[in-house]
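A.B. asks: Dropping the structure in here first, questions after.
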There are 2 protein chains.
Amino acid sequence: MDDSFLPIVRTVAALRGHLAPWRERRQTIALVPTMGALHEGHMSLIRLARAQADRVVATVFVNPKQFGAGEDFDHYPRDEAADARQLLAEHCDLMYAPAPEEMYPPGFSTAINVSGVSEGLCGAARPHHFGGVATVVAKLLIQAGPDVAIFGEKDYQQLMVIRRLVRDLDLHVEILGAPIARAPDGLALSSRNAYLSAEQRQIAGRLNAVLKEAAAALGRGAQVAGVEADATEALLSAGFASVDYVEARGAADLARLGPGPVDRPTRLLAAAFVGKTRLIDNVAVG
Amino acid sequence: MDDSFLPIVRTVAALRGHLAPWRERRQTIALVPTMGALHEGHMSLIRLARAQADRVVATVFVNPKQFGAGEDFDHYPRDEAADARQLLAEHCDLMYAPAPEEMYPPGFSTAINVSGVSEGLCGAARPHHFGGVATVVAKLLIQAGPDVAIFGEKDYQQLMVIRRLVRDLDLHVEILGAPIARAPDGLALSSRNAYLSAEQRQIAGRLNAVLKEAAAALGRGAQVAGVEADATEALLSAGFASVDYVEARGAADLARLGPGPVDRPTRLLAAAFVGKTRLIDNVAVG
């Protein structure tokens, strides 16, 4: 096969047709669902996938169902040619880039919702977001039937929703979370960082630093409620326009914690606005 | 294999383990989901499955999620030994009879809903019913991964919900509807007919006769609204305690029709109570 050529399929039928001979040869398949606008964070997922399976399939689909009214669906960055070049450079085997009408043809009527882990955090500010995520991820997993699928820990709540979804629907796939790829100042890589001005980019870099300090305090036994309040204050002082949440939650199930010291494996999660750009991040505690 | 022995599996892992060698040999698999209390109607599904695939798997699971508060979940008839004997007699290859905790373990949080076709008709009186059906059928199809799955046309709205679900989630399975099996007087066979007294059983037999007469009138060009009202009146006169609905709908998508003559392929559907037992039936128009 020409090494300078990344096959792209755009329909479920073409996807299954492309995967069939791999299955015949009993090659394992890793799926990396993305919304495109690929960056080094996505590439770290592709490399993890490469290490896990014989074949790597990346999906590029900006899923309208996971954007709310007034969110950035129309302006979300799209550059398929650049995405394809990066995927090829990391030896991805196939790009699956369906049109919205292929994923949601006229008459489409099915919605999947995961309660519990979808609630609070980003689910509070974006009430239909995780339903849209669950629906599209179920479809992608059913369409491709991979052995393993990779999702970034940057969208930690999303990863928990997907783990729950896959367990609940008995989808026969292993879900792997990949560590967050970060800029030198700690900013989690995100396609939405492209929205930031130079000044905003400096402010944005404080998000991870504040979370790391807060997680360290929790690790030393500080009270959850106080640490959350202090971190929120620190973000506002650093120039964030508003803070959606800073919350410590159970790492495995996002269960709410009491106000006192952490008493279980914990994840500290935050969402905050720099200008009009909403950034998220999270760190392990302890 | 001993011909007098029907293998029964009770877990997803055992089910997949049992199916794997069949797939290795490239045998096709037909799935027949049931709630047990099997009767000749179910056996007609098994025979259809037998004609469609190399292997036939029947599932027996009384799905708590499709029963509403005050409905007959606790009293729904259950007789697994009798079910197994009947399945064996029709050369079914495997019974899959999971416990509720296998299907919905602690922490289960996922719900699937199909809008549109789930609305009105039985969806009006049973608001969570089709969500429960969609969730369990998606799970069963994902668990077993059959080539074809058979559902009776008696639950016509359910069949439409499942067709929509399968298309929307890209489940790689053919859905086949099986004609309604009926008693000599036309009563659609149903596990719930066991609830009827001798007198109620006589009344129940009128449901199909009334629907057939109404469908014939629609076929001759009668007005939908008038036919629906007349059929409702006829059922009440015949001794039905109440009528949930008699409605003509588009046969393919259950779209509502105008009050005038039918203008497309049409299905006439009804639900009515004999005593406390809710019976449903439907017939094609024209």
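Simple scheme: letters A, B, ... for chains in structure tokens order, numbers from 1 for residues in each chain, numbers from 1 for ligands in the order shown.
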Determine, counting only C-alpha atoms, which protein, DNA and RNA residues have an atom within 9 Å of an atom of Asp93 of chain A; residues of the same chain fewer than 3 positions away are not included. Present the result as an NGL selection string.
C.D. replies: :A and (6-7 or 55-58 or 87-88)
A.B. asks: Can you check which parts of chain B lie within 7 Å of chain A? Per residue, the shortest pair of atoms and distance in Å to one decimal, counting only C-alpha atoms, sorted by chain and number, as JSON lines.
C.D. replies:
```
{"residue": "B:Phe108", "atom": "CA", "partner": "A:Asp168", "partner_atom": "CA", "distance": 5.9}
{"residue": "B:Ser109", "atom": "CA", "partner": "A:Ser115", "partner_atom": "CA", "distance": 5.2}
{"residue": "B:Thr110", "atom": "CA", "partner": "A:Val114", "partner_atom": "CA", "distance": 4.3}
{"residue": "B:Ala111", "atom": "CA", "partner": "A:Asn113", "partner_atom": "CA", "distance": 5.3}
{"residue": "B:Ile112", "atom": "CA", "partner": "A:Ile112", "partner_atom": "CA", "distance": 4.5}
{"residue": "B:Asn113", "atom": "CA", "partner": "A:Ala111", "partner_atom": "CA", "distance": 5.3}
{"residue": "B:Val114", "atom": "CA", "partner": "A:Thr110", "partner_atom": "CA", "distance": 4.3}
{"residue": "B:Ser115", "atom": "CA", "partner": "A:Ser109", "partner_atom": "CA", "distance": 5.2}
{"residue": "B:Gly116", "atom": "CA", "partner": "A:Ser109", "partner_atom": "CA", "distance": 6.6}
{"residue": "B:Lys139", "atom": "CA", "partner": "A:Leu169", "partner_atom": "CA", "distance": 5.2}
{"residue": "B:Ile142", "atom": "CA", "partner": "A:Leu171", "partner_atom": "CA", "distance": 6.4}
{"residue": "B:Gln143", "atom": "CA", "partner": "A:Asp170", "partner_atom": "CA", "distance": 6.1}
{"residue": "B:Leu165", "atom": "CA", "partner": "A:Thr110", "partner_atom": "CA", "distance": 6.3}
{"residue": "B:Asp168", "atom": "CA", "partner": "A:Phe108", "partner_atom": "CA", "distance": 5.9}
{"residue": "B:Leu169", "atom": "CA", "partner": "A:Lys139", "partner_atom": "CA", "distance": 5.2}
{"residue": "B:Asp170", "atom": "CA", "partner": "A:Gln143", "partner_atom": "CA", "distance": 6.1}
{"residue": "B:Leu171", "atom": "CA", "partner": "A:Ile142", "partner_atom": "CA", "distance": 6.4}
```
A.B. asks: Limited to C-alpha atoms, could you put the picked residues into a file as a PDB file, in the first residue's frame?
C.D. replies:
```pdb
ATOM      1  CA  PHE B 108     -26.915   0.346  35.641  1.00  0.00           C
ATOM      2  CA  SER B 109     -27.664   3.863  34.337  1.00  0.00           C
ATOM      3  CA  THR B 110     -28.361   3.747  30.602  1.00  0.00           C
ATOM      4  CA  ALA B 111     -31.707   4.353  28.927  1.00  0.00           C
ATOM      5  CA  ILE B 112     -32.552   4.185  25.244  1.00  0.00           C
ATOM      6  CA  ASN B 113     -35.601   5.978  23.940  1.00  0.00           C
ATOM      7  CA  VAL B 114     -37.083   6.056  20.466  1.00  0.00           C
ATOM      8  CA  SER B 115     -39.297   9.079  19.857  1.00  0.00           C
ATOM      9  CA  GLY B 116     -41.962   9.283  17.151  1.00  0.00           C
ATOM     10  CA  LYS B 139     -28.842  -5.147  24.909  1.00  0.00           C
ATOM     11  CA  ILE B 142     -25.575  -6.483  21.207  1.00  0.00           C
ATOM     12  CA  GLN B 143     -25.086  -9.451  23.537  1.00  0.00           C
ATOM     13  CA  LEU B 165     -33.884   1.433  16.921  1.00  0.00           C
ATOM     14  CA  ASP B 168     -30.699   4.358  14.168  1.00  0.00           C
ATOM     15  CA  LEU B 169     -28.012   2.484  16.101  1.00  0.00           C
ATOM     16  CA  ASP B 170     -26.677   0.726  12.989  1.00  0.00           C
ATOM     17  CA  LEU B 171     -27.142  -2.672  14.587  1.00  0.00           C
TER      18      LEU B 171
END
```
A.B. asks: Between atom CA of Ile203 of chain B and atom CA of Ser191 of chain B, what is the distance, to one decimal in Å?
C.D. replies: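 We find that atom CA of Ile203 of chain B and atom CA of Ser191 of chain B lie 16.8 Å from each other.
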A.B. asks: Calculate how many Å separate atom CA of Gly250 of chain A from atom CA of Arg182 of chain A, rounding to one decimal.
C.D. replies: 23.1 Å
A.B. asks: Mind checking DSSP for segment 126-276 of chain B and telling me the alpha helix (DSSP H) residues as a ChimeraX atom specification?
C.D. replies: /B:129-144,156-169,198-204,206-219,224-238
A.B. asks: Calculate how many Å separate atom CA of Arg16 of chain A from atom CA of Met95 of chain A, rounding to one decimal.
C.D. replies: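 Those two atoms sit 12.5 Å apart.
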A.B. asks: Which one is closest to Asn208 of chain A: A:Gly70, A:Ala284, A:Arg78, A:Val227? Count only C-alpha atoms.
C.D. replies: A:Ala284
A.B. asks: Can you pull out every residue within 7 Å of Val285 of chain A, counting only C-alpha atoms, but drop anything in the same chain fewer than 2 positions away, and send it as an NGL selection string?
C.D. replies: :A and (215-216 or 218-219 or 266-268 or 283)
A.B. asks: Selected residues, N, CA and C atoms, written as a short mmCIF file (atom, residue, chain, number, x, y, z; two decimals), in the first residue's frame, please.
C.D. replies:
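Saved result, result.cif, follows:
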```
data_model
loop_
_atom_site.label_atom_id
_atom_site.label_comp_id
_atom_site.auth_asym_id
_atom_site.auth_seq_id
_atom_site.Cartn_x
_atom_site.Cartn_y
_atom_site.Cartn_z
N ALA A 215 -5.11 19.98 44.21
CA ALA A 215 -5.02 18.53 44.40
C ALA A 215 -3.97 18.19 45.45
N ALA A 216 -2.88 18.94 45.43
CA ALA A 216 -1.83 18.70 46.43
C ALA A 216 -2.37 18.99 47.83
N LEU A 218 -5.50 18.78 48.80
CA LEU A 218 -6.39 17.67 49.15
C LEU A 218 -5.57 16.45 49.57
N GLY A 219 -4.48 16.22 48.88
CA GLY A 219 -3.61 15.09 49.21
C GLY A 219 -3.02 15.20 50.60
N THR A 266 -9.70 9.99 44.20
CA THR A 266 -10.42 11.22 43.87
C THR A 266 -9.85 11.88 42.63
N ARG A 267 -10.74 12.50 41.88
CA ARG A 267 -10.35 13.31 40.73
C ARG A 267 -10.84 14.72 40.98
N LEU A 268 -10.01 15.71 40.69
CA LEU A 268 -10.40 17.11 40.83
C LEU A 268 -10.62 17.66 39.43
N VAL A 283 -7.31 16.64 37.27
CA VAL A 283 -6.08 16.01 37.76
C VAL A 283 -6.44 14.96 38.82
#
```
A.B. asks: As a PDB file with N, CA and C atoms, in the first residue's frame, please: the residues near Phe61 of chain A (cut-off 7 Å, only C-alpha atoms, same-chain neighbours under 2 positions excluded).
C.D. replies:
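What follows is the written file result.pdb:
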```pdb
ATOM      1  N   THR A  34     -12.762  11.020  17.258  1.00  0.00           N
ATOM      2  CA  THR A  34     -12.381  12.421  17.448  1.00  0.00           C
ATOM      3  C   THR A  34     -13.405  13.317  16.749  1.00  0.00           C
ATOM      4  N   MET A  35     -13.315  14.612  17.043  1.00  0.00           N
ATOM      5  CA  MET A  35     -14.101  15.589  16.276  1.00  0.00           C
ATOM      6  C   MET A  35     -13.181  16.340  15.316  1.00  0.00           C
ATOM      7  N   GLY A  36     -12.042  15.761  14.967  1.00  0.00           N
ATOM      8  CA  GLY A  36     -11.126  16.423  14.052  1.00  0.00           C
ATOM      9  C   GLY A  36     -10.415  17.578  14.728  1.00  0.00           C
ATOM     10  N   THR A  59     -11.886   8.175  13.811  1.00  0.00           N
ATOM     11  CA  THR A  59     -13.111   8.770  13.279  1.00  0.00           C
ATOM     12  C   THR A  59     -13.023  10.281  13.454  1.00  0.00           C
ATOM     13  N   ASN A  63     -19.981  16.090  16.047  1.00  0.00           N
ATOM     14  CA  ASN A  63     -21.295  15.531  16.349  1.00  0.00           C
ATOM     15  C   ASN A  63     -22.281  16.609  16.766  1.00  0.00           C
ATOM     16  N   ALA A  97     -14.927   9.348   8.222  1.00  0.00           N
ATOM     17  CA  ALA A  97     -15.432  10.728   8.336  1.00  0.00           C
ATOM     18  C   ALA A  97     -16.824  10.807   7.733  1.00  0.00           C
ATOM     19  N   PRO A  98     -17.831  10.346   8.477  1.00  0.00           N
ATOM     20  CA  PRO A  98     -19.192  10.354   7.929  1.00  0.00           C
ATOM     21  C   PRO A  98     -19.781  11.761   7.923  1.00  0.00           C
TER      22      PRO A  98
END
```
A.B. asks: List the spatial neighbours of Ile175 of chain B as a PyMOL selection string - criterion: any atom at most 9 Å away, only C-alpha atoms, same-chain residues fewer than 5 positions off excluded.
C.D. replies: chain B and resi 147-151+159+162-163+166
A.B. asks: Nearest to Thr11 of chain A: which of A:Leu189, A:Ala255, A:Ala99, A:Leu236 is it, counting only C-alpha atoms?
C.D. replies: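 Ranked by minimum distance to Thr11 of chain A, first place goes to A:Ala99.
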A.B. asks: As an NGL selection string, please: every residue in segment 130-171 of chain A that DSSP puts in strand (DSSP E).
C.D. replies: :A and (148-152)
A.B. asks: At a cut-off of 10 Å, using only C-alpha atoms, what residues contact Asp79 of chain A? Leave out same-chain residues fewer than 5 positions from it and give the result as a list of chain:residue names.
C.D. replies: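 Final neighbour list, sorted by chain and number: A:Gly36, A:Ala37, A:Leu38, A:Ala84.
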A.B. asks: Skip Ala183 of chain B itself and residues of its chain fewer than 2 positions away, then list as an MDAnalysis selection string all residues within 12 Å of it, counting only C-alpha atoms.
C.D. replies: chainID B and resid 39:41 180:181 185:190 193 201:202 204:209
A.B. asks: Export, as a PDB file, in the first residue's frame, the selected residues with N, CA and C atoms.
C.D. replies:
```
ATOM      1  N   HIS B  39     -46.222 -19.882  24.002  1.00  0.00           N
ATOM      2  CA  HIS B  39     -47.409 -20.509  23.419  1.00  0.00           C
ATOM      3  C   HIS B  39     -47.174 -20.684  21.924  1.00  0.00           C
ATOM      4  N   GLU B  40     -48.204 -21.127  21.241  1.00  0.00           N
ATOM      5  CA  GLU B  40     -48.074 -21.426  19.817  1.00  0.00           C
ATOM      6  C   GLU B  40     -47.633 -20.198  19.002  1.00  0.00           C
ATOM      7  N   GLY B  41     -47.993 -19.005  19.463  1.00  0.00           N
ATOM      8  CA  GLY B  41     -47.518 -17.800  18.770  1.00  0.00           C
ATOM      9  C   GLY B  41     -46.001 -17.731  18.767  1.00  0.00           C
ATOM     10  N   ILE B 180     -49.322 -12.675  12.993  1.00  0.00           N
ATOM     11  CA  ILE B 180     -49.943 -12.967  14.288  1.00  0.00           C
ATOM     12  C   ILE B 180     -50.560 -14.366  14.278  1.00  0.00           C
ATOM     13  N   ALA B 181     -50.223 -15.159  15.282  1.00  0.00           N
ATOM     14  CA  ALA B 181     -50.881 -16.470  15.447  1.00  0.00           C
ATOM     15  C   ALA B 181     -52.178 -16.249  16.208  1.00  0.00           C
ATOM     16  N   ASP B 185     -61.267 -18.396  16.784  1.00  0.00           N
ATOM     17  CA  ASP B 185     -62.183 -17.239  16.713  1.00  0.00           C
ATOM     18  C   ASP B 185     -61.458 -15.935  16.391  1.00  0.00           C
ATOM     19  N   GLY B 186     -60.153 -16.003  16.141  1.00  0.00           N
ATOM     20  CA  GLY B 186     -59.415 -14.814  15.733  1.00  0.00           C
ATOM     21  C   GLY B 186     -58.608 -14.171  16.847  1.00  0.00           C
ATOM     22  N   LEU B 187     -58.843 -14.552  18.092  1.00  0.00           N
ATOM     23  CA  LEU B 187     -58.104 -13.924  19.195  1.00  0.00           C
ATOM     24  C   LEU B 187     -56.596 -14.131  19.005  1.00  0.00           C
ATOM     25  N   ALA B 188     -55.846 -13.037  19.037  1.00  0.00           N
ATOM     26  CA  ALA B 188     -54.395 -13.130  18.925  1.00  0.00           C
ATOM     27  C   ALA B 188     -53.854 -13.887  20.137  1.00  0.00           C
ATOM     28  N   LEU B 189     -52.984 -14.861  19.885  1.00  0.00           N
ATOM     29  CA  LEU B 189     -52.411 -15.614  21.010  1.00  0.00           C
ATOM     30  C   LEU B 189     -51.535 -14.685  21.836  1.00  0.00           C
ATOM     31  N   SER B 190     -51.651 -14.794  23.151  1.00  0.00           N
ATOM     32  CA  SER B 190     -50.908 -13.932  24.064  1.00  0.00           C
ATOM     33  C   SER B 190     -50.764 -14.633  25.399  1.00  0.00           C
ATOM     34  N   ASN B 193     -53.561 -13.991  27.762  1.00  0.00           N
ATOM     35  CA  ASN B 193     -54.877 -14.628  27.631  1.00  0.00           C
ATOM     36  C   ASN B 193     -55.129 -15.590  28.796  1.00  0.00           C
ATOM     37  N   ARG B 201     -63.025 -14.744  27.985  1.00  0.00           N
ATOM     38  CA  ARG B 201     -62.395 -15.302  26.777  1.00  0.00           C
ATOM     39  C   ARG B 201     -63.318 -15.163  25.566  1.00  0.00           C
ATOM     40  N   GLN B 202     -64.610 -15.310  25.807  1.00  0.00           N
ATOM     41  CA  GLN B 202     -65.588 -15.162  24.713  1.00  0.00           C
ATOM     42  C   GLN B 202     -65.645 -13.729  24.206  1.00  0.00           C
ATOM     43  N   ALA B 204     -63.271 -11.546  24.518  1.00  0.00           N
ATOM     44  CA  ALA B 204     -61.967 -11.230  23.916  1.00  0.00           C
ATOM     45  C   ALA B 204     -61.930 -11.584  22.428  1.00  0.00           C
ATOM     46  N   GLY B 205     -62.598 -12.674  22.076  1.00  0.00           N
ATOM     47  CA  GLY B 205     -62.600 -13.125  20.686  1.00  0.00           C
ATOM     48  C   GLY B 205     -63.204 -12.109  19.725  1.00  0.00           C
ATOM     49  N   ARG B 206     -63.998 -11.172  20.242  1.00  0.00           N
ATOM     50  CA  ARG B 206     -64.625 -10.173  19.368  1.00  0.00           C
ATOM     51  C   ARG B 206     -63.632  -9.102  18.891  1.00  0.00           C
ATOM     52  N   LEU B 207     -62.507  -8.947  19.613  1.00  0.00           N
ATOM     53  CA  LEU B 207     -61.576  -7.853  19.269  1.00  0.00           C
ATOM     54  C   LEU B 207     -61.127  -7.963  17.812  1.00  0.00           C
ATOM     55  N   ASN B 208     -60.692  -9.154  17.432  1.00  0.00           N
ATOM     56  CA  ASN B 208     -60.199  -9.315  16.064  1.00  0.00           C
ATOM     57  C   ASN B 208     -61.325  -9.159  15.039  1.00  0.00           C
ATOM     58  N   ALA B 209     -62.511  -9.690  15.388  1.00  0.00           N
ATOM     59  CA  ALA B 209     -63.639  -9.584  14.447  1.00  0.00           C
ATOM     60  C   ALA B 209     -63.990  -8.120  14.199  1.00  0.00           C
TER      61      ALA B 209
END
```
A.B. asks: Quick one: of B:Ala81, B:Val137, B:Arg26, B:Leu176, who's nearest to Ala51 of chain B, counting only C-alpha atoms?
C.D. replies: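 Ranking B:Ala81, B:Val137, B:Arg26, B:Leu176 by distance to Ala51 of chain B, first place goes to B:Leu176.
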A.B. asks: So, counting only C-alpha atoms, which residue among B:His75, B:Arg23, B:Pro64, B:Ile8 is closest to Cys92 of chain B?
C.D. replies: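 Among B:His75, B:Arg23, B:Pro64, B:Ile8, it is B:Ile8 that comes nearest to Cys92 of chain B.
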